[in-house]
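Next up, coords-v4.csv (CSV, C-alpha atoms):
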chain,number,residue,atom,x,y,z
A,188,MET,CA,0.0,0.0,0.0
A,189,THR,CA,1.3,3.4,-0.9
A,190,ASP,CA,1.1,6.1,1.8
A,191,GLY,CA,0.7,9.8,1.3
A,192,SER,CA,4.4,10.6,1.7
A,193,ASP,CA,5.3,8.3,-1.2
A,194,ILE,CA,2.8,10.0,-3.5
A,195,GLU,CA,4.1,13.4,-2.4
A,196,GLU,CA,7.7,12.3,-3.1
A,197,ARG,CA,6.8,11.2,-6.6
A,198,ARG,CA,5.0,14.4,-7.3
A,199,GLY,CA,8.1,16.4,-6.4
A,200,VAL,CA,8.0,20.1,-5.6
A,201,GLN,CA,5.7,21.8,-8.1
A,202,SER,CA,7.2,25.2,-7.6
A,203,ILE,CA,10.6,23.9,-8.5
A,204,ASP,CA,9.1,22.2,-11.6
A,205,PHE,CA,7.6,25.5,-12.6
A,206,VAL,CA,11.0,27.3,-12.1
A,207,GLY,CA,12.6,24.8,-14.4
A,208,HIS,CA,9.9,25.5,-17.0
A,209,LEU,CA,10.5,29.2,-16.7
A,210,LEU,CA,14.3,28.9,-16.9
A,211,GLU,CA,13.9,26.8,-20.1
A,212,ALA,CA,11.8,29.5,-21.6
A,213,LEU,CA,14.5,32.1,-20.8
A,214,VAL,CA,17.1,29.8,-22.5
A,215,LYS,CA,15.0,29.3,-25.6
A,216,ALA,CA,14.4,33.0,-26.0
A,217,ASN,CA,18.1,33.5,-27.1
A,218,GLY,CA,18.1,36.9,-25.5
A,219,ALA,CA,16.3,39.3,-23.2
A,220,ILE,CA,12.5,38.9,-23.3
A,221,THR,CA,9.5,41.0,-22.3
A,222,LEU,CA,7.2,39.8,-19.5
A,223,LYS,CA,4.3,39.7,-22.0
A,224,ARG,CA,6.2,37.5,-24.4
A,225,LEU,CA,7.4,35.3,-21.6
A,226,SER,CA,3.8,34.9,-20.5
A,227,ASP,CA,2.7,34.0,-24.1
A,228,GLU,CA,5.5,31.5,-24.4
A,229,THR,CA,4.8,29.7,-21.1
A,230,GLY,CA,1.0,30.2,-21.0
A,231,VAL,CA,1.4,31.5,-17.4
A,232,PRO,CA,-0.2,34.8,-16.3
A,233,ALA,CA,2.2,37.7,-16.1
A,234,ALA,CA,1.4,38.4,-12.5
A,235,LYS,CA,2.4,34.9,-11.5
A,236,LEU,CA,5.5,35.1,-13.6
A,237,HIS,CA,6.5,38.4,-12.1
A,238,ARG,CA,6.5,36.9,-8.6
A,239,TYR,CA,8.7,34.0,-9.6
A,240,LEU,CA,11.1,36.2,-11.6
A,241,THR,CA,11.5,38.5,-8.6
A,242,SER,CA,12.8,35.6,-6.6
A,243,LEU,CA,14.9,34.3,-9.4
A,244,ILE,CA,16.5,37.7,-9.8
A,245,ARG,CA,17.2,37.8,-6.0
A,246,ILE,CA,19.2,34.5,-6.2
A,247,GLY,CA,20.9,35.3,-9.5
A,248,LEU,CA,19.2,32.8,-11.8
A,249,ALA,CA,17.5,35.6,-13.7
A,250,SER,CA,18.2,39.3,-14.4
A,251,GLN,CA,16.2,42.4,-15.5
A,252,ARG,CA,17.6,45.1,-17.7
A,253,GLN,CA,17.1,48.6,-16.4
A,254,ASN,CA,16.6,50.3,-19.8
A,255,ASP,CA,13.6,48.2,-21.1
A,256,ALA,CA,12.7,45.9,-18.1
A,257,ARG,CA,13.3,42.8,-20.2
A,258,TYR,CA,14.2,39.6,-18.5
A,259,ASP,CA,17.2,37.3,-19.1
A,260,LEU,CA,19.3,34.6,-17.5
A,261,GLY,CA,21.3,35.8,-14.4
A,262,PRO,CA,24.9,35.5,-13.3
A,263,LEU,CA,24.2,32.3,-11.3
A,264,ALA,CA,22.6,30.6,-14.3
A,265,ILE,CA,25.6,31.5,-16.4
A,266,ARG,CA,28.0,30.1,-13.7
A,267,LEU,CA,25.9,26.9,-13.5
A,268,GLY,CA,26.1,26.5,-17.3
A,269,LEU,CA,29.8,27.0,-17.4
A,270,ALA,CA,30.3,24.5,-14.5
A,271,ALA,CA,28.2,21.9,-16.3
A,272,LEU,CA,30.2,22.4,-19.5
A,273,GLY,CA,33.5,22.0,-17.5
A,274,ARG,CA,32.3,18.7,-16.0
A,275,ARG,CA,31.1,17.1,-19.3
A,276,ASP,CA,32.8,14.0,-20.3
A,277,VAL,CA,32.6,14.2,-24.1
A,278,ILE,CA,34.8,11.1,-24.6
A,279,GLY,CA,32.8,9.1,-22.1
A,280,PHE,CA,29.5,9.9,-23.8
A,281,ALA,CA,31.0,9.2,-27.2
A,282,GLU,CA,32.5,5.9,-26.1
A,283,ASN,CA,29.2,4.7,-24.7
A,284,ALA,CA,27.3,5.7,-27.9
A,285,LEU,CA,29.9,4.1,-30.1
A,286,ASN,CA,30.0,0.8,-28.1
A,287,ALA,CA,26.2,0.5,-28.5
A,288,VAL,CA,26.6,0.5,-32.3
A,289,LEU,CA,29.5,-1.9,-32.2
A,290,ASP,CA,27.6,-4.3,-29.9
A,291,ARG,CA,24.5,-4.1,-32.1
A,292,HIS,CA,26.4,-5.1,-35.2
A,293,GLY,CA,29.2,-7.3,-33.7
A,294,LEU,CA,31.9,-4.9,-34.9
A,295,THR,CA,35.2,-3.8,-33.4
A,296,GLY,CA,36.0,-0.1,-33.1
A,297,HIS,CA,37.9,2.7,-31.4
A,298,LEU,CA,37.8,6.3,-30.4
A,299,SER,CA,40.6,8.6,-31.3
A,300,VAL,CA,41.8,12.1,-30.3
A,301,TRP,CA,44.2,14.4,-32.1
A,302,SER,CA,47.8,14.5,-30.9
A,303,ASP,CA,51.1,16.1,-32.1
A,304,ASN,CA,51.8,13.0,-34.0
A,305,GLY,CA,48.3,12.7,-35.5
A,306,PRO,CA,45.2,10.7,-34.6
A,307,VAL,CA,45.8,8.4,-31.6
A,308,ILE,CA,43.5,5.6,-30.3
A,309,VAL,CA,42.5,6.2,-26.7
A,310,ARG,CA,39.5,3.7,-26.4
A,311,THR,CA,38.9,0.4,-28.1
A,312,HIS,CA,35.9,-2.0,-28.0
A,313,HIS,CA,35.0,-5.4,-29.4
A,314,GLY,CA,31.3,-5.8,-30.0
A,315,GLY,CA,31.7,-9.3,-31.3
A,316,ARG,CA,34.5,-11.6,-32.2
A,317,PRO,CA,37.6,-9.5,-31.9
A,318,LEU,CA,39.5,-8.7,-35.1
A,319,VAL,CA,43.2,-9.5,-35.0
A,320,THR,CA,44.6,-6.1,-35.9
A,321,SER,CA,47.3,-3.7,-34.8
A,322,LEU,CA,44.7,-1.0,-34.0
A,323,GLY,CA,45.2,-1.0,-30.2
A,324,LEU,CA,45.4,1.6,-27.5
A,325,GLY,CA,48.0,4.2,-28.3
A,326,ARG,CA,48.3,3.4,-32.0
A,327,VAL,CA,48.9,6.5,-34.1
A,328,LEU,CA,46.9,6.3,-37.3
A,329,PRO,CA,47.8,7.7,-40.7
A,330,VAL,CA,46.2,11.1,-41.5
A,331,THR,CA,45.6,10.5,-45.2
A,332,ARG,CA,45.0,6.8,-45.4
A,333,SER,CA,42.7,6.1,-42.4
A,334,ALA,CA,39.0,6.8,-42.0
A,335,THR,CA,39.8,8.5,-38.7
A,336,GLY,CA,42.5,10.6,-40.3
A,337,LEU,CA,40.2,11.8,-43.1
A,338,VAL,CA,37.7,13.1,-40.5
A,339,PHE,CA,40.4,15.0,-38.7
A,340,LEU,CA,41.6,16.4,-42.1
A,341,ALA,CA,38.0,17.4,-42.9
A,342,TYR,CA,37.1,19.2,-39.6
A,343,LEU,CA,40.4,20.4,-38.0
A,344,PRO,CA,41.9,23.7,-39.0
A,345,PRO,CA,44.3,23.1,-42.0
A,346,ASN,CA,47.3,24.4,-40.1
A,347,ALA,CA,46.9,21.6,-37.5
A,348,THR,CA,47.0,18.8,-40.0
A,349,ARG,CA,49.0,20.2,-43.0
A,350,GLU,CA,52.5,19.2,-41.9
A,351,LEU,CA,51.6,15.6,-41.2
A,352,ALA,CA,49.5,15.3,-44.3
A,353,GLU,CA,52.4,16.5,-46.4
A,354,LEU,CA,54.7,13.9,-45.0
A,355,GLU,CA,52.3,11.2,-46.2
A,356,THR,CA,51.7,12.7,-49.6
A,357,ALA,CA,53.8,11.4,-52.6
A,358,GLY,CA,53.0,14.0,-55.2
A,359,PRO,CA,50.4,16.1,-57.0
A,360,GLU,CA,48.3,13.0,-58.0
A,361,ASP,CA,48.3,11.8,-54.5
A,362,GLN,CA,47.3,15.3,-53.2
A,363,GLU,CA,44.3,15.3,-55.6
A,364,LYS,CA,43.2,11.9,-54.3
A,365,ILE,CA,43.4,13.0,-50.7
A,366,ARG,CA,41.6,16.3,-51.5
A,367,GLN,CA,38.7,14.3,-53.1
A,368,ALA,CA,38.6,11.9,-50.1
A,369,VAL,CA,38.4,14.8,-47.7
A,370,GLU,CA,35.6,16.5,-49.8
A,371,GLU,CA,33.6,13.2,-49.8
A,372,THR,CA,34.1,12.9,-46.0
A,373,ARG,CA,32.7,16.4,-45.5
A,374,GLU,CA,29.8,15.6,-47.9
A,375,HIS,CA,28.8,12.5,-46.1
A,376,GLY,CA,29.8,13.7,-42.7
A,377,ILE,CA,31.7,10.4,-42.3
A,378,GLY,CA,35.1,9.0,-43.3
A,379,PHE,CA,35.3,5.6,-45.1
A,380,VAL,CA,38.3,3.5,-46.2
A,381,ASP,CA,38.5,-0.1,-47.4
A,382,GLY,CA,41.8,-1.9,-47.1
A,383,THR,CA,44.1,1.2,-47.2
A,384,ILE,CA,45.7,0.5,-43.8
A,385,ILE,CA,45.3,-3.2,-43.3
A,386,PRO,CA,44.3,-5.3,-46.4
A,387,GLY,CA,40.8,-6.7,-46.1
A,388,LEU,CA,39.8,-4.3,-43.3
A,389,ALA,CA,37.2,-1.5,-43.8
A,390,ALA,CA,36.5,1.4,-41.5
A,391,LEU,CA,33.9,4.1,-40.9
A,392,SER,CA,34.6,7.2,-38.8
A,393,ALA,CA,32.4,10.0,-37.6
A,394,PRO,CA,33.2,13.3,-35.9
A,395,VAL,CA,32.1,14.1,-32.4
A,396,PHE,CA,31.8,17.9,-31.9
A,397,ASP,CA,31.8,19.8,-28.7
A,398,PHE,CA,29.2,22.5,-27.9
A,399,ASP,CA,31.5,25.2,-29.3
A,400,GLY,CA,31.6,23.4,-32.7
A,401,SER,CA,35.2,22.2,-32.3
A,402,LEU,CA,36.1,18.6,-33.1
A,403,ALA,CA,36.4,16.7,-29.8
A,404,CYS,CA,37.2,13.2,-31.0
A,405,VAL,CA,36.4,10.7,-33.7
A,406,VAL,CA,34.5,7.4,-33.3
A,407,THR,CA,35.4,4.5,-35.7
A,408,ALA,CA,33.8,1.2,-36.5
A,409,THR,CA,36.0,-1.5,-38.2
A,410,GLY,CA,35.1,-4.7,-39.9
A,411,MET,CA,36.2,-7.0,-42.7
A,412,ALA,CA,35.9,-5.8,-46.3
A,413,GLY,CA,32.2,-5.5,-47.2
A,414,ALA,CA,31.0,-5.3,-43.6
A,415,PHE,CA,29.4,-1.9,-44.2
A,416,GLY,CA,27.5,-3.0,-47.3
A,417,PRO,CA,27.8,-1.7,-50.8
A,418,ASP,CA,26.9,1.8,-49.9
A,419,GLY,CA,29.8,2.3,-47.5
A,420,ALA,CA,29.7,5.9,-46.2
A,421,SER,CA,26.0,6.3,-47.0
A,422,GLY,CA,24.8,2.9,-45.7
A,423,ALA,CA,22.8,2.0,-42.6
A,424,ILE,CA,25.7,1.4,-40.3
A,425,ALA,CA,27.2,4.7,-41.3
A,426,ARG,CA,24.0,6.5,-40.4
A,427,GLU,CA,23.9,4.8,-37.0
A,428,LEU,CA,27.5,5.8,-36.4
A,429,THR,CA,26.7,9.4,-37.3
A,430,ALA,CA,23.8,9.3,-34.9
A,431,ALA,CA,26.0,7.9,-32.2
A,432,ALA,CA,28.5,10.7,-32.7
A,433,GLU,CA,25.8,13.2,-32.3
A,434,LEU,CA,24.8,11.5,-29.0
A,435,GLY,CA,28.4,11.6,-28.0
A,436,ARG,CA,28.0,15.4,-27.4
A,437,GLY,CA,26.0,14.4,-24.3

Write the structure described by the file as structure tokens, please.
Amino acid sequence: MTDGSDIEERRGVQSIDFVGHLLEALVKANGAITLKRLSDETGVPAAKLHRYLTSLIRIGLASQRQNDARYDLGPLAIRLGLAALGRRDVIGFAENALNAVLDRHGLTGHLSVWSDNGPVIVRTHHGGRPLVTSLGLGRVLPVTRSATGLVFLAYLPPNATRELAELETAGPEDQEKIRQAVEETREHGIGFVDGTIIPGLAALSAPVFDFDGSLACVVTATGMAGAFGPDGASGAIARELTAAAELGRG
């Protein structure tokens, strides 16, 4: 039998629920907002909103401009946001999302970050029977011949990758092939290679972006040649990997 205290606990504190709804409206406004518009957006009478906003301003979660009386997020809200960003584990989120795809399809994969020597593997996972490869923790991958490297070439600033890419480039014809591969990577939002590092091994890689739009890491699924179907970078697994990379932002 459920007593009254259990019911009350599940209900939570309604005033706090309402504050969350109000703060969300301030976030979505993308700037200072009038009381009337805030009332229209939330469906809450202006008089009630004003009472809550007064308290939120007092504790720093909201603010009110002096010149036009519009409301916005306050200094405490900004500090909370910055603290939350600082505690995000982008690599952890991305790893979990990647592993779910690998487990679903019985694939092997890894997560890489950029280093002074190029892409380096910092996480690995076997979603099925492990592939016997040299793609282990700490392995530095080629910039121009790996799916991971193509993603870094496509989304990092050119001055970060140019020197390493030039070391791997044989001549003008090779440069053109790399340029086309990078363009295709941007077009599909995913890197794809088949047998360029290890014969018979194919790989798909997707970029994981941080909230500021910078490239945080790259997630990669590997399998035997043909494992990703005839469509490669535009196939079903590629779409799942892209979705996982998006989830990796947390």

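Minimum distance to Pro394 of chain A across A:Ala423, A:Ile365, A:Leu324, A:Val277 (counting all atoms listed in the file) occurs at A:Val277.
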
Env of segment 414-421 of chain A: 8 Å cut, atoms = all atoms listed in the file, seq-sep filter 5 positions within chain, self excluded. Answer as a PyMOL selection string. chain A and resi 375+377-379+389+391+426

For each of A:Phe339, A:His312, A:Lys364, A:Glu350, take the minimum atom-to-atom distance to Ser401 of chain A, counting all atoms listed in the file, then give the residue where this is smallest.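 Of all the options, A:Phe339 lies closest to Ser401 of chain A.
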
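Residues with any atom within 10 Å of Val206 of chain A, counting all atoms listed in the file and excluding same-chain neighbours fewer than 2 positions away, are Gln201, Ser202, Ile203, Asp204, His208, Leu209, Leu210, Glu211, Ala212, Leu236, Tyr239, Leu240, Leu243 and Leu248 of chain A.
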
Mind giving me the straight-line distance from atom CA of Gly247 of chain A to atom CA of Pro232 of chain A in Å, one decimal? 22.2 Å

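Interatomic distance, atom CA of Ala281 of chain A to atom CA of Val380 of chain A: 21.1 Å.
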
Write out as a PDB file with C-alpha atoms, in the frame of the given file each polymer residue whose atoms come within 10 Å of Arg326 of chain A, counting all atoms listed in the file; drop sequence neighbours fewer than 5 positions from it.
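part38.pdb, freshly written:
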ATOM      1  CA  SER A 299      40.600   8.600 -31.300  1.00  0.00           C
ATOM      2  CA  GLY A 305      48.300  12.700 -35.500  1.00  0.00           C
ATOM      3  CA  PRO A 306      45.200  10.700 -34.600  1.00  0.00           C
ATOM      4  CA  VAL A 307      45.800   8.400 -31.600  1.00  0.00           C
ATOM      5  CA  ILE A 308      43.500   5.600 -30.300  1.00  0.00           C
ATOM      6  CA  VAL A 309      42.500   6.200 -26.700  1.00  0.00           C
ATOM      7  CA  SER A 321      47.300  -3.700 -34.800  1.00  0.00           C
TER       8      SER A 321
END

Could you state the separation of atom CA of Leu222 of chain A and atom CA of Gln253 of chain A in Å, given to one decimal place?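 Atom CA of Gln253 of chain A lies 13.6 Å from atom CA of Leu222 of chain A.
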
Quick one: residues within 7 Å of Ile220 of chain A, all atoms listed in the file, excluding same-chain residues fewer than 5 positions away - as a PyMOL selection string? chain A and resi 225+257-259

Counting all atoms listed in the file, the residue of A:Leu343, A:Ala408, A:Leu434, A:Ile246 that sits nearest Ala284 of chain A: A:Leu434

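The nearest approach to Arg373 of chain A among the residues A:Thr407, A:Glu353, A:Val338, A:Asp227, with all atoms listed in the file taken into account, belongs to A:Val338.
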
Residue nearest Arg266 of chain A - candidates A:Ala249, A:Leu289, A:His297, A:Thr331, atoms counted: only C-alpha atoms: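 That would be A:Ala249, the residue with the smallest distance to Arg266 of chain A.
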
Long-range neighbours of Ala403 of chain A as a VMD selection string, 9 Å cut-off, all atoms listed in the file, 3 positions minimum in chain: chain A and resid 277 to 278 300 to 301 394 to 397 400 436

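Shortest atom-to-atom contact with Thr383 of chain A among A:Ala256, A:Leu269, A:Val330, A:Ile424: A:Val330, counting all atoms listed in the file.
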
Atoms are missing here; could segment 344-361 of chain A be completed with N, CA, C and O atoms and written as a compact mmCIF listing (two decimals), keeping the file's coordinate frame?
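Done, and the output landed in result-v4.txt:
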# COMPACT_ATOMS: atom_id res chain seq x y z
N PRO A 344 41.34 22.62 -38.25
CA PRO A 344 41.90 23.70 -39.00
C PRO A 344 43.11 23.16 -39.86
O PRO A 344 43.89 22.34 -39.36
N PRO A 345 43.26 23.60 -41.10
CA PRO A 345 44.30 23.10 -42.00
C PRO A 345 45.73 23.18 -41.37
O PRO A 345 46.56 22.30 -41.58
N ASN A 346 45.99 24.26 -40.60
CA ASN A 346 47.30 24.40 -40.10
C ASN A 346 47.67 23.37 -38.99
O ASN A 346 48.83 23.16 -38.66
N ALA A 347 46.63 22.69 -38.47
CA ALA A 347 46.90 21.60 -37.50
C ALA A 347 47.26 20.32 -38.13
O ALA A 347 47.95 19.50 -37.52
N THR A 348 46.84 20.11 -39.37
CA THR A 348 47.00 18.80 -40.00
C THR A 348 48.01 18.87 -41.22
O THR A 348 48.47 17.83 -41.68
N ARG A 349 48.29 20.07 -41.73
CA ARG A 349 49.00 20.20 -43.00
C ARG A 349 50.37 19.50 -42.99
O ARG A 349 50.71 18.75 -43.92
N GLU A 350 51.16 19.72 -41.97
CA GLU A 350 52.50 19.20 -41.90
C GLU A 350 52.51 17.65 -41.98
O GLU A 350 53.26 17.03 -42.75
N LEU A 351 51.65 17.02 -41.18
CA LEU A 351 51.60 15.60 -41.20
C LEU A 351 51.05 15.01 -42.47
O LEU A 351 51.52 13.99 -42.97
N ALA A 352 50.05 15.71 -43.03
CA ALA A 352 49.50 15.30 -44.30
C ALA A 352 50.53 15.32 -45.41
O ALA A 352 50.61 14.42 -46.26
N GLU A 353 51.34 16.36 -45.41
CA GLU A 353 52.40 16.50 -46.40
C GLU A 353 53.42 15.40 -46.35
O GLU A 353 53.95 14.94 -47.37
N LEU A 354 53.71 14.94 -45.14
CA LEU A 354 54.70 13.90 -45.00
C LEU A 354 54.20 12.56 -45.57
O LEU A 354 55.00 11.72 -45.96
N GLU A 355 52.87 12.40 -45.65
CA GLU A 355 52.30 11.20 -46.20
C GLU A 355 51.93 11.29 -47.67
O GLU A 355 51.46 10.33 -48.27
N THR A 356 52.16 12.44 -48.26
CA THR A 356 51.70 12.70 -49.60
C THR A 356 52.92 12.53 -50.59
O THR A 356 53.97 13.15 -50.40
N ALA A 357 52.71 11.70 -51.63
CA ALA A 357 53.80 11.40 -52.60
C ALA A 357 53.99 12.44 -53.64
O ALA A 357 55.10 12.69 -54.09
N GLY A 358 52.91 13.06 -54.12
CA GLY A 358 53.00 14.00 -55.20
C GLY A 358 51.69 14.61 -55.57
O GLY A 358 50.69 14.39 -54.87
N PRO A 359 51.61 15.38 -56.64
CA PRO A 359 50.40 16.10 -57.00
C PRO A 359 49.18 15.11 -57.23
O PRO A 359 48.06 15.43 -56.84
N GLU A 360 49.43 13.95 -57.83
CA GLU A 360 48.30 13.00 -58.00
C GLU A 360 47.79 12.49 -56.71
O GLU A 360 46.58 12.36 -56.51
N ASP A 361 48.70 12.22 -55.79
CA ASP A 361 48.30 11.80 -54.50
C ASP A 361 47.55 12.87 -53.73
O ASP A 361 46.55 12.62 -53.04
